[in-house]
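Source file: target11.txt; contents: compact mmCIF, C-alpha atoms.
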```
# COMPACT_ATOMS: atom_id res chain seq x y z
CA MET A 1 22.16 -17.30 -16.17
CA THR A 2 20.51 -15.17 -18.86
CA ALA A 3 17.29 -17.14 -18.33
CA VAL A 4 17.42 -16.16 -14.66
CA PHE A 5 17.94 -12.51 -15.66
CA TYR A 6 14.91 -12.55 -17.91
CA ALA A 7 12.72 -14.41 -15.42
CA ALA A 8 13.54 -12.07 -12.53
CA TYR A 9 13.16 -8.87 -14.53
CA LEU A 10 9.96 -10.15 -16.15
CA MET A 11 8.36 -10.88 -12.76
CA LEU A 12 9.48 -7.55 -11.31
CA GLY A 13 8.31 -5.65 -14.38
CA ALA A 14 4.92 -7.38 -14.42
CA GLY A 15 4.45 -6.62 -10.73
CA ALA A 16 5.39 -2.98 -11.27
CA LEU A 17 2.99 -2.68 -14.23
CA LEU A 18 0.10 -4.16 -12.25
CA THR A 19 0.91 -1.77 -9.41
CA LEU A 20 0.81 1.12 -11.88
CA VAL A 21 -2.63 -0.08 -13.00
CA ARG A 22 -3.83 0.17 -9.40
CA LEU A 23 -2.12 3.56 -9.05
CA ALA A 24 -4.03 4.87 -12.06
CA ARG A 25 -7.39 3.27 -11.27
CA GLY A 26 -7.36 3.29 -7.46
CA PRO A 27 -10.72 4.71 -6.40
CA SER A 28 -9.39 6.45 -3.30
CA LEU A 29 -6.27 8.30 -2.25
CA LEU A 30 -5.33 5.53 0.18
CA ASP A 31 -5.29 2.93 -2.61
CA ARG A 32 -2.82 5.15 -4.42
CA VAL A 33 -0.70 5.49 -1.28
CA VAL A 34 -0.53 1.71 -0.91
CA ALA A 35 0.26 1.32 -4.62
CA THR A 36 3.05 3.92 -4.44
CA ASP A 37 4.51 2.17 -1.42
CA VAL A 38 4.54 -1.18 -3.21
CA LEU A 39 5.92 0.42 -6.38
CA LEU A 40 8.89 1.87 -4.49
CA VAL A 41 9.51 -1.48 -2.84
CA ILE A 42 9.47 -3.18 -6.25
CA ILE A 43 11.89 -0.56 -7.60
CA SER A 44 14.31 -1.16 -4.74
CA ALA A 45 13.93 -4.92 -5.23
CA GLY A 46 14.77 -4.46 -8.91
CA LEU A 47 17.86 -2.44 -8.06
CA ALA A 48 18.97 -5.13 -5.61
CA VAL A 49 18.37 -7.88 -8.17
CA TYR A 50 20.41 -5.93 -10.72
CA ALA A 51 23.23 -5.42 -8.20
CA ALA A 52 23.23 -9.10 -7.28
CA LEU A 53 23.07 -10.51 -10.80
CA GLN A 54 25.73 -8.14 -12.19
CA ARG A 55 27.86 -8.32 -9.03
CA ASP A 56 27.83 -4.53 -9.12
CA PRO A 57 27.66 -2.94 -5.63
CA THR A 58 27.46 0.68 -6.84
CA VAL A 59 23.66 0.87 -6.70
CA VAL A 60 23.45 -0.45 -3.14
CA PRO A 61 23.44 3.03 -1.45
CA VAL A 62 20.53 3.99 -3.69
CA LEU A 63 18.54 1.20 -2.03
CA VAL A 64 18.87 2.87 1.37
CA VAL A 65 17.62 6.17 -0.04
CA VAL A 66 14.66 4.57 -1.83
CA SER A 67 13.51 2.68 1.25
CA LEU A 68 13.73 5.87 3.35
CA LEU A 69 11.75 7.75 0.71
CA ALA A 70 8.99 5.14 0.63
CA PHE A 71 8.47 5.36 4.39
CA VAL A 72 8.48 9.15 4.57
CA GLY A 73 6.13 9.48 1.59
CA SER A 74 3.48 7.05 2.75
CA VAL A 75 3.49 8.28 6.35
CA SER A 76 3.21 11.95 5.38
CA VAL A 77 0.34 11.31 2.97
CA ALA A 78 -1.43 9.18 5.59
CA ARG A 79 -1.05 11.98 8.15
CA TYR A 80 -2.33 14.48 5.60
CA ILE A 81 -5.48 12.45 5.03
CA GLY A 82 -5.86 11.95 8.78
CA GLY A 83 -5.72 15.71 9.26
CA MET A 84 -8.45 16.19 6.69
CA LEU A 85 -10.53 13.74 8.71
CA ILE A 86 -11.00 16.30 11.46
CA SER A 87 -10.80 19.60 9.65
CA SER A 88 -12.68 19.01 6.41
CA SER A 89 -16.25 20.24 6.70
CA GLY A 90 -18.94 20.81 4.15
CA ASP A 91 -19.31 18.17 1.55
CA GLY A 92 -15.62 17.30 1.57
CA GLN A 93 -15.10 18.22 -2.05
CA ASP A 94 -11.64 19.58 -1.26
CA VAL A 95 -10.53 15.99 -1.09
CA GLY A 96 -10.86 15.76 -4.84
CA LEU A 97 -12.90 12.60 -4.87
CA PRO A 98 -16.44 12.02 -6.11
CA LEU A 99 -19.48 11.90 -3.88
CA ALA A 100 -20.36 8.52 -2.49
CA ALA A 101 -23.15 6.89 -4.49
CA GLU A 102 -25.55 6.49 -1.61
CA GLU A 103 -25.07 10.09 -0.54
CA GLN A 104 -25.91 11.20 -4.05
CA SER A 105 -29.10 9.13 -3.98
CA ALA A 106 -29.95 10.39 -0.48
CA ARG A 107 -29.48 14.03 -1.55
CA ALA A 108 -31.61 13.40 -4.64
CA ALA A 109 -34.33 11.79 -2.52
CA GLU A 110 -34.24 14.74 -0.16
CA GLY A 111 -34.49 17.18 -3.02
CA GLU A 112 -37.69 15.50 -4.23
CA ARG A 113 -39.33 15.89 -0.86
CA MET B 1 36.17 -24.24 -4.32
CA SER B 2 34.32 -23.91 -7.60
CA GLU B 3 31.70 -26.37 -6.38
CA ILE B 4 31.06 -24.25 -3.29
CA GLU B 5 30.86 -21.18 -5.54
CA GLY B 6 28.29 -22.98 -7.69
CA ILE B 7 26.15 -23.90 -4.68
CA ARG B 8 26.34 -20.32 -3.41
CA ASP B 9 25.24 -18.97 -6.77
CA VAL B 10 22.34 -21.42 -6.98
CA VAL B 11 21.11 -20.50 -3.50
CA ALA B 12 21.40 -16.77 -4.24
CA VAL B 13 19.58 -17.05 -7.56
CA VAL B 14 16.77 -19.09 -6.00
CA LEU B 15 16.34 -16.45 -3.29
CA LEU B 16 16.32 -13.64 -5.86
CA LEU B 17 13.73 -15.44 -8.00
CA ALA B 18 11.53 -16.07 -4.96
CA GLY B 19 11.69 -12.36 -4.06
CA ALA B 20 10.84 -11.33 -7.61
CA PHE B 21 7.90 -13.76 -7.58
CA LEU B 22 6.61 -12.12 -4.38
CA CYS B 23 6.74 -8.74 -6.15
CA LEU B 24 4.62 -10.21 -8.96
CA THR B 25 2.06 -11.53 -6.45
CA ALA B 26 1.90 -8.07 -4.88
CA GLY B 27 0.97 -6.55 -8.23
CA LEU B 28 -1.65 -9.22 -8.87
CA GLY B 29 -3.14 -8.78 -5.40
CA LEU B 30 -3.27 -4.99 -5.75
CA VAL B 31 -5.26 -5.32 -8.95
CA ARG B 32 -7.53 -8.17 -7.87
CA PHE B 33 -8.47 -7.29 -4.29
CA HIS B 34 -11.34 -4.96 -3.53
CA ASP B 35 -10.61 -2.62 -0.64
CA VAL B 36 -7.73 -0.84 1.03
CA LEU B 37 -7.12 -3.36 3.80
CA THR B 38 -6.93 -6.39 1.51
CA ARG B 39 -4.71 -4.45 -0.90
CA MET B 40 -2.42 -3.65 1.99
CA HIS B 41 -2.34 -7.36 2.80
CA ALA B 42 -1.16 -8.03 -0.75
CA GLY B 43 1.31 -5.15 -0.63
CA THR B 44 3.04 -6.37 2.51
CA LYS B 45 4.34 -9.53 0.82
CA PRO B 46 7.25 -7.90 -1.05
CA GLN B 47 7.62 -5.24 1.63
CA VAL B 48 8.81 -7.73 4.22
CA LEU B 49 9.47 -11.22 2.92
CA GLY B 50 10.37 -10.23 -0.65
CA ILE B 51 12.86 -7.55 0.40
CA LEU B 52 14.33 -9.93 2.97
CA LEU B 53 14.83 -12.73 0.41
CA ILE B 54 16.29 -10.38 -2.19
CA MET B 55 18.65 -8.81 0.35
CA ILE B 56 19.92 -12.22 1.47
CA GLY B 57 20.41 -13.24 -2.16
CA GLY B 58 22.26 -10.02 -2.89
CA ALA B 59 24.44 -10.37 0.17
CA ILE B 60 25.41 -13.87 -0.97
CA ARG B 61 26.19 -12.72 -4.50
CA LEU B 62 27.97 -9.45 -3.73
CA GLU B 63 31.50 -9.48 -2.41
CA GLY B 64 32.76 -7.27 0.38
CA TRP B 65 31.30 -6.49 3.76
CA SER B 66 30.23 -2.90 3.03
CA ALA B 67 27.53 -4.02 0.58
CA THR B 68 26.38 -6.67 3.06
CA TRP B 69 26.01 -4.15 5.86
CA MET B 70 24.10 -1.76 3.64
CA LEU B 71 21.72 -4.51 2.51
CA LEU B 72 21.22 -5.47 6.16
CA LEU B 73 20.46 -1.83 6.94
CA VAL B 74 17.82 -1.73 4.21
CA ALA B 75 16.20 -4.94 5.49
CA VAL B 76 16.15 -3.77 9.12
CA PHE B 77 14.82 -0.38 8.14
CA GLN B 78 12.07 -1.93 6.05
CA MET B 79 11.01 -4.16 8.92
CA LEU B 80 10.98 -1.19 11.32
CA THR B 81 8.99 1.14 9.08
CA ALA B 82 6.50 -1.18 7.36
CA PRO B 83 4.37 -1.70 10.52
CA VAL B 84 4.30 2.04 11.25
CA SER B 85 3.10 3.10 7.82
CA ALA B 86 0.69 0.15 7.58
CA HIS B 87 -0.81 1.09 10.94
CA MET B 88 -1.33 4.72 9.92
CA ILE B 89 -2.80 3.89 6.52
CA SER B 90 -5.16 1.24 7.89
CA ARG B 91 -6.36 3.50 10.71
CA VAL B 92 -7.18 6.29 8.29
CA ALA B 93 -8.79 3.78 5.92
CA TYR B 94 -11.03 2.43 8.68
CA ARG B 95 -12.07 5.86 9.89
CA ARG B 96 -12.85 7.12 6.40
CA ARG B 97 -14.91 4.03 5.53
CA HIS B 98 -12.61 2.77 2.80
CA VAL B 99 -13.32 -0.67 4.21
CA ARG B 100 -15.89 -3.09 2.88
CA ARG B 101 -17.65 -3.62 6.19
CA ASP B 102 -20.05 -6.12 4.64
CA LEU B 103 -17.10 -8.45 3.96
CA LEU B 104 -15.64 -8.28 7.46
CA LEU B 105 -16.25 -11.30 9.68
CA VAL B 106 -15.10 -9.61 12.91
CA ASP B 107 -15.07 -5.84 13.38
CA GLU B 108 -13.47 -5.19 16.73
CA LEU B 109 -13.18 -1.43 16.21
CA ARG B 110 -16.90 -0.95 15.84
CA THR B 111 -17.83 0.88 19.02
CA GLY B 112 -21.57 0.78 18.95
CA GLU B 113 -24.59 2.64 17.71
CA ALA B 114 -23.02 5.87 16.44
CA ALA B 115 -19.77 4.36 15.17
CA ASP B 116 -19.47 6.50 12.07
CA ARG B 117 -22.47 7.16 9.97
CA LEU B 118 -21.42 10.68 9.11
CA TYR B 119 -20.58 11.41 5.50
CA ARG B 120 -17.26 13.06 4.84
CA GLY B 121 -17.85 12.99 1.12
CA ASP B 122 -14.98 10.86 -0.11
CA GLU B 123 -16.20 7.39 0.60
CA PRO B 124 -15.73 5.00 -2.33
CA ALA B 125 -18.79 4.40 -4.45
CA ASP B 126 -19.05 0.77 -3.35
CA ALA B 127 -18.96 1.51 0.38
CA PRO B 128 -21.80 -0.39 2.03
CA PRO B 129 -24.86 1.72 2.82
CA GLU B 130 -25.24 2.54 6.48
CA GLU B 131 -28.62 4.24 6.75
CA PRO B 132 -27.96 6.94 4.14
CA ALA B 133 -30.90 9.20 4.93
CA ARG B 134 -30.19 9.34 8.66
CA ALA B 135 -26.49 9.86 8.06
CA LEU B 136 -27.27 12.75 5.72
CA VAL B 137 -29.44 14.41 8.36
CA GLU B 138 -26.73 13.95 10.98
CA SER B 139 -23.96 15.34 8.81
CA ARG B 140 -26.13 18.32 7.86
CA ARG B 141 -26.74 18.90 11.57
CA GLU B 142 -23.01 18.79 12.19
CA ASP B 143 -22.45 21.35 9.45
CA GLY B 144 -25.07 23.66 10.98
CA ASP B 145 -27.50 23.50 8.06
CA LEU B 146 -30.18 21.99 10.27
CA PRO B 147 -31.11 23.08 13.82
CA PRO B 148 -29.78 20.78 16.57
CA VAL B 149 -32.16 18.34 18.20
```
In structure tokens, write the structure found in this file.
Amino acid sequence: MTAVFYAAYLMLGAGALLTLVRLARGPSLLDRVVATDVLLVIISAGLAVYAALQRDPTVVPVLVVVSLLAFVGSVSVARYIGGMLISSSGDGQDVGLPLAAEEQSARAAEGER
Amino acid sequence: MSEIEGIRDVVAVVLLLAGAFLCLTAGLGLVRFHDVLTRMHAGTKPQVLGILLIMIGGAIRLEGWSATWMLLLVAVFQMLTAPVSAHMISRVAYRRRHVRRDLLLVDELRTGEAADRLYRGDEPADAPPEEPARALVESRREDGDLPPV
């Protein structure tokens, strides 16, 4: 049984770590949203695995809260980005992301002309 | 009785391990894949099948109906909300060109000539070039820096 404990927690922990890598590196905001979503799902899976392996039902209500939180978080951030889609003008620097490479080269080429 | 208990435990542990393995594959896919849509494809594995397997395993292992109903609630809620959030994220990703169009085989949302060449400024650095100079002129025109045609 202890081997099962270690195997399950090892897989969940490795998945969560890889998700954190994507959360840190993710080039765009949407990658981070997807990574956060998956991270919360992995956390709730870990809680459920703990509850099942220990036969301890006290953490089960936490699962409901975490799954609600994941949905509300990802949908609100997606709507926020969708709102910026229409209202952001200028060069879009308020988004907090770097200029696209080909726009940089196009601006440079225009500056030379 | 004890034999039935043993079989139940084995089934539950196999389901839990399968769910944990799906979480691991989600992490691997998130790191390995290259744009938002494929990363979402990897992320949906634990969101639906993994949570479902782990909830069934937990319901087998835990005693008492209250825990079972709550686990069922979590599974149903996940299956209701995952399509909604995935739809919103993928729509925004497509519109903001976070999609590697050069890797798509079929692009049914592409509407024609002026699909979206405008720059919003936050496209990823590896977004495929779609006539950069013309797009720059058009987005300048939209901003009012250049006179309209």
| request: Name the residues, using the chain letters and numbers of the file, that sit within 10 Å of (16.3, -5.3, 5.6) when counting only C-alpha atoms, and give them as a PyMOL selection string. | output: (chain A and resi 64+67) or (chain B and resi 47-56+69-80)
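Of note, atom CA of Leu10 of chain A and atom CA of Leu28 of chain B are spaced 13.7 Å apart.
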Who sits within 9 Å of segment 11-27 of chain A, all atoms listed in the file, same chain under 2 positions skipped, as number ranges by chain | A: 6-9, 29-36, 38-39, 42-43, 45-46, 97; B: 17, 19-31, 124-125
Using the selection just defined, write its residues with C-alpha atoms as a CSV table (one decimal), in the frame of the given file.
```
chain,number,residue,atom,x,y,z
A,6,TYR,CA,14.9,-12.6,-17.9
A,7,ALA,CA,12.7,-14.4,-15.4
A,8,ALA,CA,13.5,-12.1,-12.5
A,9,TYR,CA,13.2,-8.9,-14.5
A,29,LEU,CA,-6.3,8.3,-2.2
A,30,LEU,CA,-5.3,5.5,0.2
A,31,ASP,CA,-5.3,2.9,-2.6
A,32,ARG,CA,-2.8,5.2,-4.4
A,33,VAL,CA,-0.7,5.5,-1.3
A,34,VAL,CA,-0.5,1.7,-0.9
A,35,ALA,CA,0.3,1.3,-4.6
A,36,THR,CA,3.0,3.9,-4.4
A,38,VAL,CA,4.5,-1.2,-3.2
A,39,LEU,CA,5.9,0.4,-6.4
A,42,ILE,CA,9.5,-3.2,-6.2
A,43,ILE,CA,11.9,-0.6,-7.6
A,45,ALA,CA,13.9,-4.9,-5.2
A,46,GLY,CA,14.8,-4.5,-8.9
A,97,LEU,CA,-12.9,12.6,-4.9
B,17,LEU,CA,13.7,-15.4,-8.0
B,19,GLY,CA,11.7,-12.4,-4.1
B,20,ALA,CA,10.8,-11.3,-7.6
B,21,PHE,CA,7.9,-13.8,-7.6
B,22,LEU,CA,6.6,-12.1,-4.4
B,23,CYS,CA,6.7,-8.7,-6.2
B,24,LEU,CA,4.6,-10.2,-9.0
B,25,THR,CA,2.1,-11.5,-6.4
B,26,ALA,CA,1.9,-8.1,-4.9
B,27,GLY,CA,1.0,-6.6,-8.2
B,28,LEU,CA,-1.6,-9.2,-8.9
B,29,GLY,CA,-3.1,-8.8,-5.4
B,30,LEU,CA,-3.3,-5.0,-5.8
B,31,VAL,CA,-5.3,-5.3,-9.0
B,124,PRO,CA,-15.7,5.0,-2.3
B,125,ALA,CA,-18.8,4.4,-4.4
```
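Shortest atom-to-atom contact with chain A among B:Val14, B:Leu62, B:Thr38, B:Glu5: B:Leu62, counting all atoms listed in the file.
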Which residues come within 7 Å of Ala70 of chain A, counting only C-alpha atoms, excluding same-chain residues fewer than 4 positions away, as a PyMOL selection string?
chain A and resi 37+40+66+74
Pick out the residues sitting within 9 Å of Ala67 of chain B, and hand them over as a CSV table (one decimal) with C-alpha atoms, in the frame of the given file; count only C-alpha atoms, and ignore anything fewer than 5 positions along from it in its own chain.
```csv
chain,number,residue,atom,x,y,z
A,57,PRO,CA,27.7,-2.9,-5.6
A,58,THR,CA,27.5,0.7,-6.8
A,60,VAL,CA,23.4,-0.4,-3.1
A,61,PRO,CA,23.4,3.0,-1.4
B,58,GLY,CA,22.3,-10.0,-2.9
B,59,ALA,CA,24.4,-10.4,0.2
B,62,LEU,CA,28.0,-9.4,-3.7
B,72,LEU,CA,21.2,-5.5,6.2
```
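With only C-alpha atoms as the basis for measurement, B:Leu37 is the residue among B:Ile4, B:Leu105, B:Val13, B:Leu37 that approaches Met88 of chain B most closely.
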Using all atoms listed in the file, the shortest atom-to-atom distance to chain A among B:Arg61, B:Arg100, B:Arg91, B:Lys45 belongs to B:Arg61
Pairwise distance, atom CA of Ser66 of chain B with atom CA of Phe5 of chain A, equals 24.3 Å
Margin query: Given the point (-2.4, 10.3, 7.0) in the coordinates of this file, which residues lie within 12 Å, counting only C-alpha atoms, and how would they look as JSON, numbers by chain?
Written below: {"A": [29, 30, 33, 34, 72, 73, 74, 75, 76, 77, 78, 79, 80, 81, 82, 83, 84, 85, 86], "B": [84, 85, 86, 87, 88, 89, 90, 91, 92, 93, 94, 95, 96]}
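The nearest approach to chain A among the residues B:Val99, B:Val36, B:Leu104, B:Leu15, with all atoms listed in the file taken into account, belongs to B:Val36.
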re atom CA of Pro46 of chain B and atom CA of Glu63 of chain B: distance 24.3 Å
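The shortest atom-to-atom distance to chain B, with only C-alpha atoms taken into account, belongs to A:Leu63 out of A:Ala108, A:Leu47, A:Ala3, A:Leu63.
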